[in-house]
Amino acid sequence: MPIFRASNVPGQLTVTVREVNFNSANTDTPITIVLPPGYSRFLVNGVRASGASAALTTATFGVYTAPAAGGTAVVGPTACTISTASEGTNNNTQLVQPPTAQTQSYINNLLYFRVITPQGSAATATVTVTLLPVS
């Protein structure tokens, strides 16, 4: 279930989905976008995987505007680089900034986080998408 939060950056929003299964190939996790009143578009500033239950160095993922890697690739196929699940340790989280973060807006009310290549063993993580609403 998505969790919606305001962020510390003025005007920026985050949408968080917990327990995303990184060991299930070609599966989509829908991310519901709810914009503040008066906004109809948004930029995607970043996609972060964190809180992994295990290392995620085999998995690949992407974020798309339609299921099954359809529509527009917000973040195209990306290798996951989380090499440890230990808190307070380097490489226990991964931030991917879309190449079009400042130049392409979206009107979709759903994005899809897609695990493309599975981890190969049971593993979950939290996925957070950072958005900037624009009018």
# chains A, B, ... in the order shown; residues from 1 in each chain; ligands from 1
>>> closest_atom_pairs(of="range 72-104 of chain A", to="range 36-55 of chain A", cutoff="9 Å", atoms="only C-alpha atoms", output="tab-separated table")
residue	atom	partner	partner_atom	distance
A:Val74	CA	A:Val44	CA	7.7
A:Val75	CA	A:Val47	CA	8.2
A:Cys80	CA	A:Ala49	CA	8.6
A:Thr81	CA	A:Ala55	CA	8.3
A:Ile82	CA	A:Ala55	CA	5.6
A:Ser83	CA	A:Ala55	CA	4.6
A:Thr84	CA	A:Ala55	CA	4.7
A:Ala85	CA	A:Ala54	CA	5.0
A:Ser86	CA	A:Ala54	CA	8.5
A:Glu87	CA	A:Gly51	CA	8.0
A:Asn92	CA	A:Ser50	CA	6.6
A:Thr93	CA	A:Ser50	CA	4.5
A:Gln94	CA	A:Ala49	CA	5.3
A:Leu95	CA	A:Arg48	CA	4.4
A:Val96	CA	A:Val47	CA	5.2
A:Gln97	CA	A:Gly46	CA	4.4
A:Pro98	CA	A:Gly46	CA	6.3
A:Thr100	CA	A:Val44	CA	8.3
A:Ala101	CA	A:Asn45	CA	5.2
A:Gln102	CA	A:Leu43	CA	6.9
A:Thr103	CA	A:Leu43	CA	8.0
A:Gln104	CA	A:Leu43	CA	6.5
>>> residues_around(residues="range 116-118 of chain A", least_positions_apart="2", cutoff="10 Å", atoms="only C-alpha atoms", output="ChimeraX atom specification")
/A:21-28,56-62,68-69,77-80,113-114,120-123
>>> residues_around(residues="Asn108 in chain A", least_positions_apart="2", cutoff="10 Å", atoms="only C-alpha atoms", output="ChimeraX atom specification")
/A:32-34,40-42,65-66,105-106,110-111
>>> atom_distance(atom1="CA of Gly88 in chain A", atom2="CA of Thr14 in chain A")
22.3 Å
>>> atom_distance(atom1="CA of Gln119 in chain A", atom2="CA of Leu13 in chain A")
28.9 Å
>>> closest_residue(among="A:Ala73, A:Ile31, A:Val115, A:Ile107", to="Pro133 in chain A", atoms="only C-alpha atoms")
A:Ile107
